[in-house]
$ cat coords26.cif   # mmCIF, C-alpha atoms
data_query
loop_
_atom_site.label_atom_id
_atom_site.label_comp_id
_atom_site.auth_asym_id
_atom_site.auth_seq_id
_atom_site.Cartn_x
_atom_site.Cartn_y
_atom_site.Cartn_z
CA MET A 1 103.10 106.18 170.13
CA HIS A 2 99.79 107.90 169.77
CA GLY A 3 97.24 105.14 169.52
CA SER A 4 93.51 105.10 169.55
CA GLU A 5 91.79 107.42 171.94
CA ASP A 6 89.15 105.91 174.15
CA VAL A 7 87.66 109.28 174.89
CA GLU A 8 83.97 109.69 175.38
CA ILE A 9 82.26 112.73 173.98
CA ILE A 10 79.18 114.08 175.64
CA ASN A 11 76.41 114.53 173.14
CA VAL A 12 73.72 116.83 174.41
CA HIS A 13 70.14 116.10 173.38
CA GLY A 14 68.00 118.72 175.04
CA ARG A 15 68.65 118.23 178.77
CA MET A 16 69.84 114.66 178.38
CA LYS A 17 73.54 113.88 178.19
CA THR A 18 74.31 110.73 176.27
CA PRO A 19 77.91 109.49 176.29
CA LYS A 20 79.09 108.42 172.88
CA LYS A 21 82.32 106.72 171.97
CA MET A 22 84.74 108.50 169.69
CA SER A 23 84.55 105.65 167.18
CA ASP A 24 80.75 106.00 166.96
CA LEU A 25 80.96 109.72 166.29
CA TYR A 26 83.85 109.44 163.85
CA ASN A 27 82.16 106.67 161.87
CA TYR A 28 79.04 108.72 161.22
CA ASP A 29 76.10 106.89 159.68
CA GLU A 30 74.72 109.77 157.62
CA PHE A 31 76.34 112.43 155.46
CA VAL A 32 74.66 115.37 157.17
CA PRO A 33 76.53 118.53 158.24
CA GLU A 34 75.98 118.01 161.96
CA LYS A 35 77.72 114.64 161.72
CA PHE A 36 80.56 115.19 159.22
CA GLU A 37 81.53 118.88 159.46
CA ARG A 38 83.11 118.54 162.91
CA TRP A 39 85.79 116.25 161.46
CA MET A 40 86.93 118.48 158.62
CA ARG A 41 89.75 120.28 160.45
CA PHE A 42 92.51 120.62 157.89
CA ASP A 43 93.14 124.12 159.21
CA LYS A 44 94.14 122.54 162.54
CA SER A 45 96.36 119.86 161.01
CA PRO A 46 100.10 119.63 161.76
CA ALA A 47 102.40 122.19 160.21
CA LEU A 48 104.84 121.30 157.47
CA GLY A 49 108.44 120.98 158.55
CA LEU A 50 107.78 119.61 162.03
CA LYS A 51 107.96 115.97 163.00
CA VAL A 52 104.54 114.41 163.43
CA ASN A 53 103.18 111.95 165.97
CA ASN A 54 103.35 108.23 165.38
CA PHE A 55 100.24 106.06 164.97
CA ASN A 56 99.50 102.37 164.77
CA LEU A 57 98.22 101.10 161.44
CA TRP A 58 97.17 97.61 160.30
CA ASP A 59 97.53 95.87 156.96
CA LEU A 60 94.75 93.84 155.37
CA GLU A 61 95.95 90.70 157.13
CA GLY A 62 95.63 92.42 160.49
CA ILE A 63 99.37 92.78 161.03
CA GLN A 64 100.22 95.88 163.02
CA THR A 65 102.77 98.43 161.87
CA ASN A 66 103.08 102.14 162.48
CA LEU A 67 103.46 105.35 160.54
CA VAL A 68 107.09 106.04 161.52
CA GLU A 69 108.13 102.56 160.47
CA ILE A 70 106.47 103.04 157.07
CA LEU A 71 107.97 106.49 156.49
CA ASP A 72 111.44 105.22 157.38
CA GLN A 73 111.38 102.86 154.39
CA SER A 74 111.63 105.51 151.65
CA GLN A 75 113.22 108.83 150.84
CA PHE A 76 109.72 110.30 150.60
CA THR A 77 106.35 108.65 151.13
CA VAL A 78 103.02 109.68 149.62
CA VAL A 79 100.20 109.03 152.06
CA GLU A 80 96.68 109.21 150.67
CA PHE A 81 93.80 109.10 153.15
CA GLY A 82 90.38 107.89 152.08
CA SER A 83 87.82 105.11 151.90
CA PHE A 84 85.68 103.19 149.43
CA THR A 85 82.94 105.75 149.73
CA MET B 1 97.60 107.92 142.11
CA ASN B 2 98.47 104.29 141.31
CA LYS B 3 100.44 105.52 138.29
CA ILE B 4 102.35 108.01 140.40
CA ALA B 5 103.28 105.23 142.81
CA ASP B 6 104.52 103.14 139.88
CA ASP B 7 106.35 106.02 138.20
CA PHE B 8 108.22 107.09 141.34
CA SER B 9 108.88 103.79 143.10
CA SER B 10 112.28 103.43 141.41
CA LYS B 11 113.23 106.83 142.85
CA ASN B 12 112.80 105.59 146.40
CA ILE B 13 109.35 107.15 146.78
CA GLY B 14 106.92 105.03 148.79
CA SER B 15 103.15 105.20 148.53
CA ILE B 16 100.47 104.00 150.90
CA PHE B 17 96.72 104.42 151.27
CA VAL B 18 95.38 104.90 154.80
CA TYR B 19 91.80 103.64 155.15
CA THR B 20 89.64 106.04 157.17
CA ASN B 21 85.94 106.31 157.99
CA GLU B 22 83.34 106.12 155.24
CA ALA B 23 82.79 109.60 153.85
CA HIS B 24 79.48 108.79 152.17
CA PRO B 25 78.07 105.67 153.81
CA GLY B 26 75.32 103.95 151.86
CA GLU B 27 73.38 100.70 151.76
CA ASN B 28 76.24 98.85 150.04
CA TYR B 29 79.02 100.30 152.19
CA PRO B 30 77.53 101.47 155.50
CA HIS B 31 79.32 103.28 158.29
CA LEU B 32 82.00 101.27 160.07
CA THR B 33 81.40 99.51 163.36
CA SER B 34 84.34 97.08 163.52
CA MET B 35 87.88 96.54 162.23
CA GLN B 36 86.68 93.40 160.49
CA GLN B 37 84.19 95.44 158.49
CA LYS B 38 86.86 98.05 157.82
CA THR B 39 89.08 95.31 156.40
CA THR B 40 86.27 94.11 154.13
CA HIS B 41 85.68 97.63 152.79
CA ALA B 42 89.42 98.16 152.30
CA LYS B 43 89.61 94.95 150.29
CA ALA B 44 86.82 96.29 148.09
CA LEU B 45 88.85 99.45 147.58
CA ARG B 46 91.63 97.21 146.30
CA ASP B 47 89.55 94.69 144.34
CA VAL B 48 86.68 96.84 143.03
CA LEU B 49 88.26 100.29 142.69
CA GLY B 50 91.73 99.00 141.88
CA VAL B 51 93.88 100.75 144.47
CA ASN B 52 97.09 98.74 144.17
CA ARG B 53 99.20 100.62 146.68
CA PRO B 54 99.60 99.08 150.15
CA ILE B 55 96.39 99.80 152.08
CA LEU B 56 96.77 100.29 155.81
CA LEU B 57 93.88 100.61 158.23
CA ASP B 58 93.71 103.43 160.71
CA ALA B 59 92.25 102.60 164.14
CA LEU B 60 88.46 102.41 164.25
CA ASP B 61 88.28 105.79 165.98
CA GLY B 62 90.44 107.39 163.27
CA ALA B 63 93.27 108.47 165.60
CA CYS B 64 95.72 109.02 162.74
CA HIS B 65 93.19 110.48 160.31
CA ARG B 66 91.83 112.91 162.89
CA TYR B 67 95.32 114.07 163.85
CA PHE B 68 96.00 115.04 160.24
CA GLY B 69 92.74 116.96 159.82
CA SER B 70 90.32 114.18 158.82
CA MET B 71 89.55 115.39 155.33
CA PRO B 72 87.84 112.63 153.32
CA ASN B 73 90.45 112.29 150.59
CA MET B 74 93.60 114.21 151.41
CA THR B 75 97.24 113.52 150.58
CA TRP B 76 100.42 114.20 152.52
CA ILE B 77 104.05 113.63 151.59
CA PHE B 78 106.60 112.91 154.32
CA ASN B 79 110.35 112.60 154.30
CA ARG B 80 112.13 109.67 155.92
CA ALA B 81 112.40 111.52 159.24
CA GLY B 82 108.62 111.71 159.54
CA ILE B 83 108.41 115.38 158.64
CA PRO B 84 105.59 116.46 156.33
CA VAL B 85 106.81 118.39 153.29
CA TYR B 86 103.51 118.61 151.39
CA LYS B 87 99.88 118.50 152.45
CA SER B 88 96.77 118.87 150.39
CA ASP B 89 93.19 118.86 151.63
CA TRP B 90 92.17 117.04 148.45
CA THR B 91 93.97 114.39 146.45
CA ASP B 92 95.00 115.44 142.99
CA ALA B 93 97.50 113.38 141.03
CA ASN B 94 98.86 116.37 139.09
CA SER B 95 99.53 118.27 142.28
CA VAL B 96 101.24 115.29 143.91
CA ARG B 97 103.37 114.59 140.83
CA ASN B 98 104.40 118.22 140.65
CA SER B 99 105.49 118.18 144.28
CA LEU B 100 107.41 114.92 143.99
CA GLU B 101 109.32 116.25 140.99
CA TYR B 102 110.14 119.39 142.94
CA LEU B 103 111.29 117.40 145.99
CA LEU B 104 113.50 115.14 143.89
CA ASN B 105 115.03 118.23 142.34
CA VAL B 106 115.82 119.53 145.82
CA VAL B 107 117.61 116.26 146.56
CA GLN B 108 119.63 116.56 143.35
CA ARG B 109 120.61 120.17 144.04
CA ARG B 110 121.74 119.24 147.54
CA LYS B 111 123.78 116.37 146.17
CA ALA B 112 125.36 118.87 143.77
CA GLY B 113 126.45 120.94 146.74
CA VAL B 114 123.86 123.71 146.61
CA ARG B 115 123.06 125.01 150.08
CA LEU B 116 119.29 125.14 150.47
CA ALA B 117 117.15 126.50 153.29
CA PRO B 118 113.48 125.52 153.69
CA PHE B 119 110.66 128.05 153.57
CA SER B 120 106.88 127.80 153.58
CA VAL B 121 104.67 128.49 150.60
CA GLU B 122 100.92 128.34 150.12
CA ARG B 123 99.53 127.68 146.68
CA LEU B 124 96.00 127.19 145.39
CA ASP B 125 96.02 124.14 143.14
CA TYR B 126 93.27 123.17 140.71
CA ARG B 127 91.77 119.76 140.07
CA GLU B 128 89.36 118.51 137.44
CA SER B 129 85.82 118.27 138.77
CA ASP B 130 83.70 115.73 136.89
CA ARG B 131 80.30 115.78 138.60
CA ALA B 132 78.82 113.00 136.45
CA ALA B 133 81.69 110.66 137.27
CA PHE B 134 81.46 111.59 140.94
CA TYR B 135 77.75 110.72 141.10
CA LYS B 136 78.35 107.47 139.25
CA ARG B 137 80.98 106.53 141.84
CA LEU B 138 78.72 107.69 144.68
CA ALA B 139 75.89 105.46 143.42
CA GLU B 140 78.07 102.40 144.05
CA ASN B 141 77.81 103.19 147.77
CA GLY B 142 74.02 102.95 147.58
CA PRO B 143 71.08 105.33 146.91
CA LYS B 144 71.26 106.70 150.46
CA ALA B 145 74.72 108.14 149.78
CA VAL B 146 73.46 109.89 146.64
CA ASP B 147 70.36 111.29 148.33
CA GLU B 148 72.30 112.64 151.30
CA PHE B 149 74.91 114.30 149.11
CA ARG B 150 72.23 115.95 146.94
CA LYS B 151 70.47 117.28 150.02
CA VAL B 152 73.62 118.72 151.58
CA PHE B 153 74.68 120.51 148.41
CA GLY B 154 71.21 121.28 147.07
CA GLU B 155 71.76 119.41 143.84
CA ASN B 156 68.92 117.65 141.98
#

$ encode --input "coords26.cif" --output "structure tokens"
Amino acid sequence: MHGSEDVEIINVHGRMKTPKKMSDLYNYDEFVPEKFERWMRFDKSPALGLKVNNFNLWDLEGIQTNLVEILDQSQFTVVEFGSFT
Amino acid sequence: MNKIADDFSSKNIGSIFVYTNEAHPGENYPHLTSMQQKTTHAKALRDVLGVNRPILLDALDGACHRYFGSMPNMTWIFNRAGIPVYKSDWTDANSVRNSLEYLLNVVQRRKAGVRLAPFSVERLDYRESDRAAFYKRLAENGPKAVDEFRKVFGEN
């Protein structure tokens, strides 16, 4: 299972190094290129035809499931990624 | 996409929506800082925008979303073995429908005894781009989201 990463990224501001959590960087607070462009990496996404990693997911009641379990329920599964905004 | 889910559910095609980070955070729907907030926003996606497919939350740090390339509104199709057979960096219902019909045809041909070997293909698909509708939708996030988008793309 590939769960959440608790990796810290070093954000360099001049000569200062400020550790920032992955979740803070990923959930950027402004739609500005320096904050959102780093995440748009479709070119580095998994190849078709090869089994992908498994990830935990949660329903709206907070019940945990995972991607493999969901995909196993149907012949094919359409997975749309997105948000309200 | 809801209609596709409805149209194909009887053919053993599942559909889910994975909730990610906020692409265009605004005053009404700011950037996410907790899973509780993420749940609230996901419920708005269901109740306000009408997404009626099962909505599942990714981890707060977007582990799943980032692994798949973290595009703001992308769609993938997987087979039961967890192998992706379609990926699109943008969600377009026509493109998804076209692929599902193709995949179901593959299943039928195999059932009929045709020996099939997979191969890779790249194709440039086309989606409708309604700027007015996009900005109307963006405004629901709050004026900040609209201003930031206009600045990035130089639109007035």

$ resolve_selection --input "coords26.cif" --expression "the PyMOL selection byres ((chain A and resi 52) around 7)" --output "list in words"
Leu50, Lys51, Asn53 and Asn54 of chain A; Gly82 and Ile83 of chain B

$ write_last_selection --input "coords26.cif" --atoms "C-alpha atoms" --output "compact mmCIF listing (two decimals), in the coordinates of the input"
# COMPACT_ATOMS: atom_id res chain seq x y z
CA LEU A 50 107.78 119.61 162.03
CA LYS A 51 107.96 115.97 163.00
CA ASN A 53 103.18 111.95 165.97
CA ASN A 54 103.35 108.23 165.38
CA GLY B 82 108.62 111.71 159.54
CA ILE B 83 108.41 115.38 158.64

$ atom_distance --input "coords26.cif" --atom1 "atom CA of Phe134 of chain B" --atom2 "atom CA of Leu49 of chain B"
13.3 Å

$ resolve_selection --input "coords26.cif" --expression "the PyMOL selection byres ((chain B) within 6 of (chain A))" --output "ChimeraX atom specification"
/B:12-24,31-32,39,45,56-58,60-61,63-64,68-80,82-85,148

$ closest_residue --input "coords26.cif" --among "B:Arg131, B:Gly50, B:Asp92, B:Val107" --to "Lys11 of chain B" --atoms "only C-alpha atoms"
B:Val107

$ residues_around --input "coords26.cif" --residues "Asn94 of chain B" --least-positions-apart "5" --cutoff "10 Å" --atoms "all atoms listed in the file" --output "VMD selection string"
chain B and resid 1 4 99 to 100 125 to 128

$ atom_distance --input "coords26.cif" --atom1 "atom CA of Asn2 of chain B" --atom2 "atom CA of Pro54 of chain B"
10.3 Å

$ atom_distance --input "coords26.cif" --atom1 "atom CA of Pro30 of chain B" --atom2 "atom CA of Lys144 of chain B"
9.6 Å

$ resolve_selection --input "coords26.cif" --expression "the PyMOL selection byres ((chain B and resi 115-121) around 9)" --output "PyMOL selection string"
(chain A and resi 48-49) or (chain B and resi 106+109-110+113-114+122-123)
